[in-house]
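Colleague: What follows is protein26.cif, made up of mmCIF, C-alpha atoms and all ligand atoms:
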data_model
loop_
_atom_site.label_atom_id
_atom_site.label_comp_id
_atom_site.auth_asym_id
_atom_site.auth_seq_id
_atom_site.Cartn_x
_atom_site.Cartn_y
_atom_site.Cartn_z
CA MET A 254 86.57 67.78 76.09
CA PRO A 255 89.68 67.37 73.88
CA VAL A 256 92.84 65.94 75.46
CA ILE A 257 95.39 68.75 75.73
CA THR A 258 98.96 67.74 76.48
CA CYS A 259 100.92 70.72 75.19
CA ILE A 260 100.56 74.30 73.92
CA GLU A 261 100.72 73.00 70.34
CA ASP A 262 97.38 71.18 70.94
CA LEU A 263 95.80 74.48 72.01
CA LYS A 264 97.26 76.23 68.99
CA ARG A 265 95.63 73.73 66.62
CA LEU A 266 92.22 74.28 68.27
CA HIS A 267 92.76 78.05 68.28
CA ARG A 268 93.32 77.94 64.54
CA ARG A 269 90.20 75.85 63.95
CA ARG A 270 87.85 77.94 66.12
CA THR A 271 88.93 81.55 65.51
CA PRO A 272 88.44 83.77 62.46
CA ARG A 273 91.52 83.69 60.30
CA MET A 274 92.34 87.39 60.63
CA PHE A 275 92.71 87.07 64.42
CA TYR A 276 94.56 83.76 64.39
CA ASP A 277 96.97 85.19 61.80
CA TYR A 278 97.33 88.38 63.86
CA ALA A 279 98.55 86.28 66.79
CA GLU A 280 100.74 83.85 64.89
CA SER A 281 102.68 86.34 62.77
CA GLY A 282 106.02 88.07 63.08
CA SER A 283 107.13 91.14 61.16
CA TRP A 284 108.46 91.02 57.59
CA THR A 285 110.47 87.82 56.92
CA GLU A 286 109.72 86.52 60.46
CA GLN A 287 113.40 85.74 61.04
CA THR A 288 113.35 87.08 64.62
CA PHE A 289 110.00 85.38 65.28
CA ARG A 290 111.56 82.03 64.29
CA ASP A 291 114.83 82.68 66.14
CA ASN A 292 112.90 83.22 69.37
CA SER A 293 111.98 79.52 69.28
CA THR A 294 115.04 77.98 67.67
CA ASP A 295 117.42 79.73 70.08
CA PHE A 296 115.60 78.20 73.04
CA GLU A 297 116.04 74.80 71.35
CA LYS A 298 119.83 75.31 71.15
CA ILE A 299 120.08 75.37 74.95
CA ARG A 300 120.01 71.91 76.56
CA LEU A 301 119.27 70.80 80.09
CA ARG A 302 121.64 68.98 82.39
CA GLN A 303 119.99 65.89 83.88
CA ARG A 304 120.90 65.02 87.47
CA VAL A 305 119.83 61.86 89.31
CA ALA A 306 119.50 60.53 92.84
CA VAL A 307 118.56 63.95 94.23
CA ASP A 308 115.69 64.26 96.72
CA MET A 309 112.89 65.75 94.62
CA ALA A 310 110.17 65.88 97.27
CA GLY A 311 108.52 69.16 98.28
CA ARG A 312 109.21 71.19 95.14
CA SER A 313 108.19 74.82 94.69
CA THR A 314 107.77 77.01 91.64
CA ALA A 315 106.55 79.98 93.69
CA GLY A 316 108.42 83.27 93.71
CA THR A 317 107.94 87.01 93.38
CA MET A 318 107.79 89.51 90.54
CA ILE A 319 108.40 93.16 91.53
CA GLY A 320 107.73 92.08 95.11
CA GLN A 321 104.36 90.46 94.35
CA ASP A 322 103.82 86.76 95.08
CA VAL A 323 103.41 84.50 92.05
CA ALA A 324 102.60 80.77 91.85
CA MET A 325 105.28 80.52 89.17
CA PRO A 326 107.39 83.25 87.56
CA VAL A 327 105.25 83.39 84.41
CA ALA A 328 103.02 86.43 83.81
CA LEU A 329 100.52 86.87 81.00
CA ALA A 330 102.03 89.39 78.56
CA PRO A 331 99.96 92.31 77.27
CA VAL A 332 98.27 91.23 74.02
CA GLY A 333 96.22 93.65 71.97
CA MET A 334 92.78 92.63 70.68
CA THR A 335 92.60 89.62 73.00
CA GLY A 336 88.84 90.21 73.14
CA MET A 337 88.68 89.40 69.43
CA GLN A 338 90.23 85.96 69.88
CA ARG A 339 87.21 85.12 72.00
CA ALA A 340 84.34 87.30 73.27
CA ASP A 341 85.35 89.16 76.47
CA GLY A 342 88.79 87.59 76.08
CA GLU A 343 90.66 89.93 78.43
CA ILE A 344 88.19 89.27 81.25
CA LYS A 345 88.50 85.51 80.70
CA ALA A 346 92.30 85.58 80.63
CA ALA A 347 92.49 87.85 83.69
CA ARG A 348 90.22 85.51 85.64
CA ALA A 349 92.27 82.45 84.69
CA ALA A 350 95.46 84.27 85.73
CA GLU A 351 94.13 85.40 89.09
CA LYS A 352 92.85 81.92 89.93
CA PHE A 353 96.22 80.45 89.00
CA GLY A 354 98.13 83.08 90.95
CA VAL A 355 100.09 84.76 88.16
CA PRO A 356 99.94 88.40 86.97
CA PHE A 357 97.70 89.40 84.09
CA THR A 358 98.78 92.43 82.03
CA LEU A 359 96.04 94.33 80.22
CA SER A 360 97.08 95.99 76.94
CA THR A 361 96.22 99.59 76.07
CA MET A 362 94.94 98.06 72.80
CA SER A 363 92.57 95.66 74.54
CA ILE A 364 88.92 95.21 73.67
CA CYS A 365 87.65 95.06 77.28
CA SER A 366 88.47 98.32 79.06
CA ILE A 367 90.47 98.75 82.28
CA GLU A 368 87.20 99.41 84.12
CA ASP A 369 85.58 96.29 82.61
CA VAL A 370 88.40 94.00 83.67
CA ALA A 371 88.51 95.56 87.17
CA ALA A 372 84.76 95.01 87.55
CA HIS A 373 85.07 91.31 86.68
CA THR A 374 88.16 90.38 88.72
CA GLU A 375 89.02 90.34 92.41
CA LYS A 376 92.78 90.87 92.49
CA PRO A 377 94.74 93.81 91.06
CA PHE A 378 96.12 93.30 87.57
CA TRP A 379 98.92 95.09 85.67
CA PHE A 380 98.30 97.66 82.98
CA GLN A 381 100.42 98.11 79.84
CA VAL A 382 100.87 101.63 78.49
CA TYR A 383 101.35 102.68 74.89
CA THR A 384 102.14 106.36 74.41
CA LEU A 385 99.62 108.39 72.46
CA LYS A 386 100.25 111.98 71.38
CA ASP A 387 97.15 113.23 73.24
CA ASP A 388 98.60 114.29 76.61
CA ASP A 389 95.21 114.69 78.30
CA PHE A 390 94.35 111.16 77.28
CA MET A 391 97.65 109.89 78.74
CA LYS A 392 97.04 111.61 82.08
CA ARG A 393 93.52 110.21 82.21
CA LEU A 394 94.83 106.75 81.26
CA PHE A 395 97.21 106.74 84.24
CA ALA A 396 94.40 107.96 86.50
CA ARG A 397 92.07 105.24 85.18
CA ALA A 398 94.71 102.57 85.87
CA LYS A 399 95.11 103.92 89.41
CA ALA A 400 91.35 104.05 89.97
CA ALA A 401 91.11 100.43 88.78
CA ASN A 402 93.70 99.52 91.45
CA CYS A 403 96.30 98.26 88.95
CA SER A 404 99.32 97.10 90.91
CA ALA A 405 101.99 97.82 88.27
CA LEU A 406 102.44 99.73 85.03
CA VAL A 407 104.19 98.08 82.10
CA ILE A 408 105.38 100.80 79.73
CA THR A 409 106.12 99.37 76.29
CA VAL A 410 109.06 101.15 74.69
CA ASP A 411 109.55 99.21 71.46
CA LEU A 412 106.47 100.28 69.50
CA GLN A 413 106.40 103.95 68.56
CA VAL A 414 106.06 102.80 64.98
CA MET A 415 104.84 99.39 63.92
CA GLY A 416 106.78 96.56 62.30
CA GLN A 417 104.79 95.39 59.30
CA ARG A 418 103.03 92.03 59.48
CA HIS A 419 102.04 91.12 55.97
CA LYS A 420 99.04 88.96 56.84
CA ASP A 421 97.32 91.73 58.83
CA ILE A 422 97.34 93.96 55.76
CA LYS A 423 96.12 91.18 53.48
CA ASN A 424 93.38 90.17 55.94
CA GLY A 425 92.25 93.76 56.58
CA LEU A 426 92.63 93.30 60.36
CA SER A 427 90.10 95.35 62.35
CA ALA A 428 87.97 95.25 65.51
CA PRO A 429 85.22 94.38 64.89
CA PRO A 430 86.00 92.61 61.58
CA LYS A 431 84.72 94.45 58.52
CA LEU A 432 82.29 92.37 56.51
CA THR A 433 83.84 91.52 53.17
CA LEU A 434 83.14 88.45 51.07
CA ALA A 435 86.33 86.78 52.34
CA SER A 436 85.67 87.58 56.01
CA MET A 437 82.02 86.48 55.75
CA LEU A 438 83.00 83.15 54.19
CA ASP A 439 85.51 82.65 57.00
CA LEU A 440 83.06 83.71 59.74
CA ALA A 441 80.52 81.24 58.37
CA THR A 442 82.86 78.44 59.53
CA LYS A 443 83.39 79.96 62.99
CA ILE A 444 79.82 79.87 64.28
CA GLY A 445 80.70 79.37 67.96
CA TRP A 446 82.97 82.41 67.89
CA GLY A 447 80.26 84.50 66.19
CA LEU A 448 77.49 83.52 68.60
CA GLU A 449 79.66 84.40 71.60
CA MET A 450 80.57 87.72 69.96
CA LEU A 451 76.91 88.55 69.38
CA GLY A 452 76.37 88.08 73.11
CA THR A 453 78.81 90.80 74.15
CA ARG A 454 78.91 94.56 73.61
CA ARG A 455 82.72 94.54 73.89
CA ARG A 456 83.81 94.61 70.25
CA PHE A 457 85.85 97.84 70.02
CA PHE A 458 89.14 99.08 71.49
CA GLY A 459 87.64 99.66 74.93
CA ASN A 460 90.43 101.79 76.43
CA ILE A 461 90.70 104.28 73.60
CA VAL A 462 87.56 104.46 71.45
CA GLY A 463 85.54 107.33 72.94
CA HIS A 464 88.53 108.39 75.10
CA ALA A 465 91.19 109.47 72.57
CA ARG A 466 90.71 111.56 69.47
CA GLY A 467 92.20 111.99 66.04
CA VAL A 468 92.01 108.73 64.11
CA SER A 469 90.35 108.27 60.74
CA ASP A 470 89.40 104.61 61.30
CA PRO A 471 88.92 103.74 65.01
CA SER A 472 88.45 100.03 64.23
CA SER A 473 91.94 99.63 62.73
CA LEU A 474 94.95 98.85 64.93
CA SER A 475 97.44 100.05 62.33
CA THR A 476 95.56 103.35 61.91
CA TRP A 477 95.66 103.98 65.66
CA ILE A 478 99.39 103.32 65.73
CA ALA A 479 100.14 105.39 62.61
CA GLU A 480 97.94 108.36 63.51
CA ALA A 481 97.62 108.53 67.31
CA PHE A 482 100.79 106.93 68.74
CA ASP A 483 103.60 109.30 69.72
CA PRO A 484 106.71 108.67 67.63
CA SER A 485 108.70 111.12 69.78
CA LEU A 486 108.70 108.98 72.95
CA ASP A 487 112.18 109.32 74.49
CA TRP A 488 113.92 108.74 77.85
CA ASP A 489 112.82 112.15 79.19
CA ARG A 490 109.21 111.29 78.49
CA ILE A 491 109.65 107.86 80.11
CA ARG A 492 111.16 109.56 83.18
CA GLU A 493 108.11 111.85 83.25
CA PHE A 494 105.75 108.86 83.10
CA ARG A 495 107.73 107.33 85.98
CA SER A 496 106.95 110.41 88.06
CA TRP A 497 103.22 110.15 87.28
CA TRP A 498 102.94 106.67 88.81
CA ASP A 499 103.73 105.96 92.45
CA GLY A 500 103.72 102.15 92.12
CA PRO A 501 106.06 99.73 90.36
CA VAL A 502 107.00 100.45 86.73
CA ILE A 503 108.23 97.82 84.29
CA LEU A 504 109.80 98.88 80.97
CA LYS A 505 109.03 96.36 78.26
CA GLY A 506 110.91 95.90 75.00
CA ILE A 507 114.58 96.25 76.02
CA LEU A 508 117.01 94.38 73.79
CA ASP A 509 120.24 96.29 74.25
CA ALA A 510 122.61 96.58 77.24
CA GLU A 511 122.87 100.37 76.88
CA ASP A 512 119.07 100.72 76.94
CA ALA A 513 118.91 98.45 79.99
CA ARG A 514 121.26 100.84 81.83
CA ARG A 515 119.06 103.80 80.81
CA ALA A 516 115.99 101.95 82.10
CA ALA A 517 117.66 101.52 85.48
CA GLU A 518 118.64 105.22 85.50
CA VAL A 519 115.07 106.46 84.91
CA GLY A 520 113.92 104.52 87.95
CA ALA A 521 112.17 101.48 86.47
CA ASP A 522 111.68 98.62 88.90
CA ALA A 523 112.05 95.95 86.21
CA ILE A 524 112.67 95.53 82.51
CA VAL A 525 111.32 92.96 80.11
CA VAL A 526 113.98 91.76 77.70
CA SER A 527 111.70 91.39 74.70
CA ASN A 528 111.56 91.76 70.94
CA HIS A 529 107.75 91.93 71.10
CA GLY A 530 107.51 88.27 70.10
CA GLY A 531 109.33 88.95 66.82
CA ARG A 532 106.67 91.45 65.76
CA GLN A 533 108.75 94.62 65.61
CA LEU A 534 112.37 94.79 64.36
CA ASP A 535 112.82 91.79 62.09
CA GLY A 536 116.54 90.94 62.15
CA ALA A 537 116.94 91.73 65.85
CA LEU A 538 118.40 88.98 68.03
CA SER A 539 116.21 86.68 70.09
CA SER A 540 115.56 87.76 73.68
CA ILE A 541 117.21 84.67 75.17
CA ARG A 542 120.37 85.39 73.21
CA VAL A 543 120.75 88.99 74.40
CA LEU A 544 119.81 88.18 78.00
CA PRO A 545 123.39 87.49 79.23
CA SER A 546 124.71 90.85 77.94
CA ILE A 547 121.83 92.68 79.61
CA LEU A 548 122.39 90.89 82.91
CA ASP A 549 126.07 91.84 82.71
CA ALA A 550 125.06 95.48 82.19
CA VAL A 551 122.50 95.90 84.96
CA GLY A 552 123.30 93.07 87.35
CA ASP A 553 121.21 93.37 90.51
CA ARG A 554 120.24 97.02 89.99
CA ILE A 555 116.88 96.13 88.46
CA GLU A 556 114.74 93.01 88.02
CA VAL A 557 115.29 91.46 84.62
CA HIS A 558 112.31 89.64 83.10
CA LEU A 559 112.12 88.00 79.66
CA ASP A 560 109.58 87.17 77.00
CA SER A 561 109.46 86.15 73.32
CA GLY A 562 109.44 82.53 72.25
CA ILE A 563 108.26 80.79 75.43
CA ARG A 564 106.00 77.87 74.53
CA THR A 565 106.93 75.33 77.19
CA GLY A 566 107.86 75.02 80.85
CA GLN A 567 111.32 73.97 79.67
CA ASP A 568 111.67 77.37 77.95
CA VAL A 569 110.73 79.04 81.25
CA LEU A 570 113.30 76.91 83.05
CA LYS A 571 115.99 77.87 80.53
CA ALA A 572 115.23 81.59 80.83
CA LEU A 573 115.33 81.44 84.63
CA ALA A 574 118.52 79.37 84.65
CA MET A 575 120.12 81.89 82.26
CA GLY A 576 119.45 84.53 84.92
CA ALA A 577 116.02 86.07 84.24
CA LYS A 578 114.02 86.68 87.40
CA ALA A 579 110.73 85.93 85.62
CA THR A 580 109.08 85.38 82.26
CA TYR A 581 105.91 86.24 80.31
CA VAL A 582 103.89 84.29 77.77
CA GLY A 583 101.99 85.91 74.92
CA ARG A 584 100.90 83.52 72.21
CA ALA A 585 100.89 80.49 74.54
CA PHE A 586 97.98 81.89 76.56
CA VAL A 587 96.26 83.35 73.48
CA ASN A 588 96.28 79.86 71.95
CA GLY A 589 94.52 78.62 75.07
CA LEU A 590 91.96 81.43 74.96
CA GLY A 591 91.19 80.95 71.25
CA ALA A 592 90.88 77.20 71.78
CA MET A 593 88.73 77.00 74.90
CA GLY A 594 88.14 80.44 76.45
CA GLU A 595 88.96 80.85 80.15
CA ALA A 596 89.40 77.08 80.59
CA GLY A 597 91.95 77.15 77.76
CA VAL A 598 94.03 79.86 79.44
CA THR A 599 93.96 77.83 82.66
CA ARG A 600 94.99 74.75 80.68
CA ALA A 601 97.90 76.66 79.07
CA LEU A 602 99.12 77.72 82.52
CA GLU A 603 98.74 74.17 83.87
CA VAL A 604 100.69 72.72 80.94
CA ILE A 605 103.54 75.19 81.40
CA HIS A 606 103.54 74.73 85.16
CA ARG A 607 103.72 70.96 84.96
CA GLU A 608 106.48 71.06 82.34
CA LEU A 609 108.45 73.51 84.49
CA ASP A 610 107.97 71.54 87.70
CA THR A 611 108.80 68.11 86.23
CA SER A 612 111.80 69.35 84.24
CA MET A 613 113.10 71.17 87.31
CA ALA A 614 112.90 67.90 89.26
CA LEU A 615 114.72 65.99 86.51
CA CYS A 616 117.44 68.64 86.61
CA GLY A 617 117.83 67.84 90.29
CA GLU A 618 116.29 71.07 91.63
CA ARG A 619 113.47 71.59 94.08
CA ASP A 620 113.01 75.35 93.94
CA VAL A 621 112.91 77.69 90.93
CA ALA A 622 115.00 80.15 92.94
CA ASP A 623 117.91 77.68 92.83
CA LEU A 624 117.99 77.35 89.04
CA GLY A 625 121.19 78.61 87.44
CA ARG A 626 123.71 78.14 84.67
CA HIS A 627 124.75 74.88 86.35
CA ASN A 628 121.47 73.39 85.05
CA LEU A 629 122.19 74.24 81.42
CA LEU A 630 124.37 73.16 78.54
CA VAL A 631 124.80 76.31 76.47
CA PRO A 632 126.69 76.20 73.15
CA ARG A 633 129.96 78.12 73.48
CA ASP A 634 129.04 80.46 70.64
CA PHE A 635 125.44 80.96 71.82
CA GLU A 636 125.58 84.73 72.26
CA GLY A 637 127.37 85.11 68.92
CA ASP A 638 130.48 87.11 68.09
CA TRP A 639 128.98 90.21 66.51
CA ALA A 640 131.02 93.15 65.23
C1 LIG A 701 98.78 89.12 69.07
C2 LIG A 701 99.78 89.89 69.88
C3 LIG A 701 99.45 91.17 70.31
C4 LIG A 701 100.34 91.88 71.12
N1 LIG A 701 99.98 93.11 71.60
C5 LIG A 701 100.81 93.75 72.46
C6 LIG A 701 100.39 94.95 73.08
O1 LIG A 701 99.27 95.42 72.89
N2 LIG A 701 101.27 95.56 73.92
C7 LIG A 701 102.52 95.05 74.18
O2 LIG A 701 103.28 95.65 74.94
N3 LIG A 701 102.91 93.90 73.62
C8 LIG A 701 102.10 93.23 72.79
N4 LIG A 701 102.47 92.04 72.25
C9 LIG A 701 103.77 91.46 72.63
C10 LIG A 701 103.61 90.59 73.87
O3 LIG A 701 103.36 91.37 75.01
C11 LIG A 701 104.88 89.76 74.14
O4 LIG A 701 106.00 90.61 74.14
C12 LIG A 701 105.08 88.64 73.11
O5 LIG A 701 103.86 88.04 72.77
C13 LIG A 701 106.03 87.61 73.67
O6 LIG A 701 106.28 86.62 72.73
P1 LIG A 701 105.52 85.21 72.66
O7 LIG A 701 104.21 85.47 72.01
O8 LIG A 701 106.45 84.40 71.82
O9 LIG A 701 105.35 84.69 74.07
C14 LIG A 701 101.60 91.31 71.46
C15 LIG A 701 101.91 90.03 71.02
C16 LIG A 701 101.00 89.31 70.26
C17 LIG A 701 101.36 87.91 69.83
#
Written as structure tokens, that's how I'd like the structure from this file.
Ligand SMILES: Cc1cc2nc3c(=O)[nH]c(=O)nc-3n(C[C@H](O)[C@H](O)[C@H](O)COP(=O)(O)O)c2cc1C

Modeller:
Amino acid sequence: MPVITCIEDLKRLHRRRTPRMFYDYAESGSWTEQTFRDNSTDFEKIRLRQRVAVDMAGRSTAGTMIGQDVAMPVALAPVGMTGMQRADGEIKAARAAEKFGVPFTLSTMSICSIEDVAAHTEKPFWFQVYTLKDDDFMKRLFARAKAANCSALVITVDLQVMGQRHKDIKNGLSAPPKLTLASMLDLATKIGWGLEMLGTRRRFFGNIVGHARGVSDPSSLSTWIAEAFDPSLDWDRIREFRSWWDGPVILKGILDAEDARRAAEVGADAIVVSNHGGRQLDGALSSIRVLPSILDAVGDRIEVHLDSGIRTGQDVLKALAMGAKATYVGRAFVNGLGAMGEAGVTRALEVIHRELDTSMALCGERDVADLGRHNLLVPRDFEGDWA
């Protein structure tokens, strides 16, 4: 068993054990990757204020997200094709999350279907919705999420069209991988991955293949998005979706104060301040940088969550202290999954939890709910003076 002390260790193993096209799919941003990089470097600009001689006994990282109890305010973000990083990947990640006591969000573009994940887990999970043009499919998708007892819907609003990731085109990303000379040479060095994959029947987009129509290549993510996704998604449609679902709704992909106000108006329970992990609009600001302006705009009217760039418990601490109610991790848990399957996702959550808990103590706090700007040293020009 390798010694894992940080997410970076899991990332190295993920790279070694997973076919290149899927590792690259996870570790890329769109176009020049400026926003992808900023998501990390902007977290680094914020520093923590050390306090001493404070009673640090009896600490707690527990809290709530949309009224549901969480062991720490860190959910697993929806990640497409997770079941290609490792066989049955969504089931493994969902199990690790439920044992740890944090929410798991299943992507519309998952390999394991909603029904599959429900059959292999005990607790309700969250379901992420992408909007396809096929209205019957959308109605059935909501009904399937309800039948699977999903306890929240996460509607992603920042991907009607896809930001280009160069490596995915060069690698010919697909599920399952198409056998070319390059992919076969790569697969020959990933024997463990291949043997596990041979042992499962879950190798296609489980929520959509056989359920939605009208794509020329059902194995290609970019073809699904280009041909079946609805580019006309607008606030009226989001309001309509809100009325279809009687449980909590989270709108994911908000990066602008005006859009945050609209999200509150259409009746969302929470928003995720997110730039999709730097995978959509290259040149957009990092999530942590826009967070203050969004909090100013919506205040207490709606729960404000954040993702994009979180790799450590210190990043979680910074986001919470800046005012986010909760956070999500994408690549950090995928690195764990690609490295060591379910145990790797658990390890990723343990690493982040320990970093959060210890750093909180060293900041002189005992409860995540008490974190605030008083714990941070934020550069005066952090938000930027943009015209
Ligand atoms: C490989 C990959 C696939 C993703 N697929 C989806 C998806 O299917 N639906 C979605 O709403 N967001 C998706 N995202 C975005 C994540 O939900 C989340 O916003 C992002 O990963 C957060 O950034 P981080 O990876 O730096 O933590 C994906 C992200 C990655 C890295």

Colleague: Compile the contact shell of A:Ser472 as a list in words: residues with an atom at most 10 Å away, counting only C-alpha atoms, same-chain residues fewer than 3 positions apart removed.

Modeller: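 Listed by chain and then number, they are Leu426, Ser427, Ala428, Pro429, Pro430, Lys431, Arg456, Phe457, Phe458, Val462, Val468, Ser469, Ser475, Thr476 and Trp477 of chain A.
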
Colleague: Residues within 6 Å of ligand LIG 701 (chain A) should be enumerated using all atoms listed in the file and returned as a list in words.

Modeller: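 Protein and nucleic-acid residues within 6 Å of ligand LIG 701 (chain A): Tyr278, Ala279, Ala330, Pro331, Val332, Gly333, Ser360, Met362, Thr409, Ser527, His529, Gly530, Asp560, Ser561, Gly562, Ile563, Val582, Gly583 and Arg584 of chain A.
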
Colleague: At what distance in Å, to one decimal, does atom CA of A:Lys423 lie from atom CA of A:Glu595?

Modeller: 29.5 Å

Colleague: I'd like the contact shell of stretch 311-317 of chain A - 9 Å cut-off, all atoms listed in the file, skipping same-chain residues fewer than 5 positions apart - returned as a list of chain:residue names.

Modeller: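 The neighbour list is A:Asp322, A:Val323, A:Ala324, A:Met325, A:Pro326, A:Lys578, A:Ala579, A:His606, A:Leu609, A:Asp610, A:Met613, A:Ala614, A:Glu618, A:Arg619, A:Asp620, A:Val621, A:Ala622.
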
Colleague: Provide the atom CA of A:Ala601 to atom CA of A:Gln567 distance in Å, to one decimal place.

Modeller: 13.7 Å

Colleague: Between A:Gly445, A:Gly576, A:Pro545, A:Gly463, which has the minimum distance to A:Gly625 (counting all atoms listed in the file)?

Modeller: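 Smallest separation from A:Gly625 among the options: A:Gly576.
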
Colleague: Measure the distance from atom CA of A:Arg564 to atom CA of A:Ile260 in Å and round it to one decimal.

Modeller: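 Atom-to-atom, atom CA of A:Arg564 and atom CA of A:Ile260 are spaced 6.5 Å apart.
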
Colleague: For each of A:Tyr383, A:Tyr276, A:Phe353, A:Phe296, take the minimum atom-to-atom distance to A:Ile491, counting only C-alpha atoms, then give the residue where this is smallest.

Modeller: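 Ranked by minimum distance to A:Ile491, first place goes to A:Tyr383.
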
Colleague: Residues at most 10 Å from A:Leu486, counting all atoms listed in the file, excluding those fewer than 4 positions away in the same chain, as a PDB file with C-alpha atoms, in the coordinates of the input?

Modeller:
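File produced: result_17.pdb:
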ATOM      1  CA  TYR A 383     101.350 102.680  74.890  1.00  0.00           C
ATOM      2  CA  THR A 384     102.140 106.360  74.410  1.00  0.00           C
ATOM      3  CA  LEU A 385      99.620 108.390  72.460  1.00  0.00           C
ATOM      4  CA  LYS A 386     100.250 111.980  71.380  1.00  0.00           C
ATOM      5  CA  VAL A 410     109.060 101.150  74.690  1.00  0.00           C
ATOM      6  CA  ASP A 411     109.550  99.210  71.460  1.00  0.00           C
ATOM      7  CA  LEU A 412     106.470 100.280  69.500  1.00  0.00           C
ATOM      8  CA  GLN A 413     106.400 103.950  68.560  1.00  0.00           C
ATOM      9  CA  PHE A 482     100.790 106.930  68.740  1.00  0.00           C
ATOM     10  CA  ARG A 490     109.210 111.290  78.490  1.00  0.00           C
ATOM     11  CA  ILE A 491     109.650 107.860  80.110  1.00  0.00           C
TER      12      ILE A 491
END

Colleague: Skipping near chain neighbours, those fewer than 6 positions away, what residues fall within 8 Å of A:Ala572 using only C-alpha atoms, listed as a ChimeraX atom specification?

Modeller: /A:541,559,579-580

Colleague: Rank A:Met391, A:Val355, A:Ala537, A:Val551 by their smallest atom-to-atom distance to A:Ala481, using all atoms listed in the file, and report the top residue only.

Modeller: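 So, comparing all the options, the nearest one is A:Met391.
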
Colleague: Just the residues within 12 Å of stretch 519-521 of chain A, please, counting only C-alpha atoms, with nothing from its chain fewer than 6 positions along; format it as number ranges by chain.

Modeller: A: 319, 405-408, 487-496, 498-505, 507, 512-513, 551, 554-557

Colleague: Nearest to A:Ala396: which of A:Lys571, A:Gly447, A:Trp497, A:Asp638 is it, counting only C-alpha atoms?

Modeller: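 Once distances to A:Ala396 are computed over only C-alpha atoms, the minimum belongs to A:Trp497.
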
Colleague: If the box runs along x, y and z of the file and leaves 5 Å on each side of stretch 298-302 of chain A, what are its centre and edge lengths in Å, one decimal, as lines of an AutoDock Vina configuration file?

Modeller:
center_x = 120.5
center_y = 72.2
center_z = 76.8
size_x = 12.4
size_y = 16.4
size_z = 21.2

Colleague: Between A:Gly597, A:Pro255, A:Gly536, A:Gly552, single out the one closest to A:Ile524, counting only C-alpha atoms.

Modeller: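 Closest to A:Ile524 of all the choices is A:Gly552.
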
Colleague: Please, which residues are within 10 Å of (79.8, 92.3, 77.0) by the file's coordinates, counting all atoms listed in the file, and could they come as a list in words?

Modeller: Ala340, Asp341, Ile344, Cys365, Asp369, Glu449, Met450, Leu451, Gly452, Thr453, Arg454, Arg455 and Arg456 of chain A

Colleague: Would you put the residues from that selection into a file with C-alpha atoms, as a short mmCIF file (atom, residue, chain, number, x, y, z; two decimals), in the coordinates of the input?

Modeller:
data_model
loop_
_atom_site.label_atom_id
_atom_site.label_comp_id
_atom_site.auth_asym_id
_atom_site.auth_seq_id
_atom_site.Cartn_x
_atom_site.Cartn_y
_atom_site.Cartn_z
CA ALA A 340 84.34 87.30 73.27
CA ASP A 341 85.35 89.16 76.47
CA ILE A 344 88.19 89.27 81.25
CA CYS A 365 87.65 95.06 77.28
CA ASP A 369 85.58 96.29 82.61
CA GLU A 449 79.66 84.40 71.60
CA MET A 450 80.57 87.72 69.96
CA LEU A 451 76.91 88.55 69.38
CA GLY A 452 76.37 88.08 73.11
CA THR A 453 78.81 90.80 74.15
CA ARG A 454 78.91 94.56 73.61
CA ARG A 455 82.72 94.54 73.89
CA ARG A 456 83.81 94.61 70.25
#

Colleague: Using all atoms listed in the file and a cutoff of 8 Å, can you tell me which residues are near (109.6, 91.2, 61.8) in the file's coordinates, and write them out as a list in words?

Modeller: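 Residues satisfying the cut-off, written out: Gly282, Ser283, Trp284, Thr285, Glu286, Gln287, Thr288, Phe289, Gly416, Gln417, Arg418, Gly531, Arg532, Gln533, Leu534, Asp535 and Gly536 of chain A.
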
Colleague: Calculated over all atoms listed in the file, which of the candidates A:Leu448, A:Ala349, A:Ile461, A:Leu329 has the smallest distance to A:Val382?

Modeller: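 Going through A:Leu448, A:Ala349, A:Ile461, A:Leu329 one by one, the smallest distance to A:Val382 is for A:Ile461.
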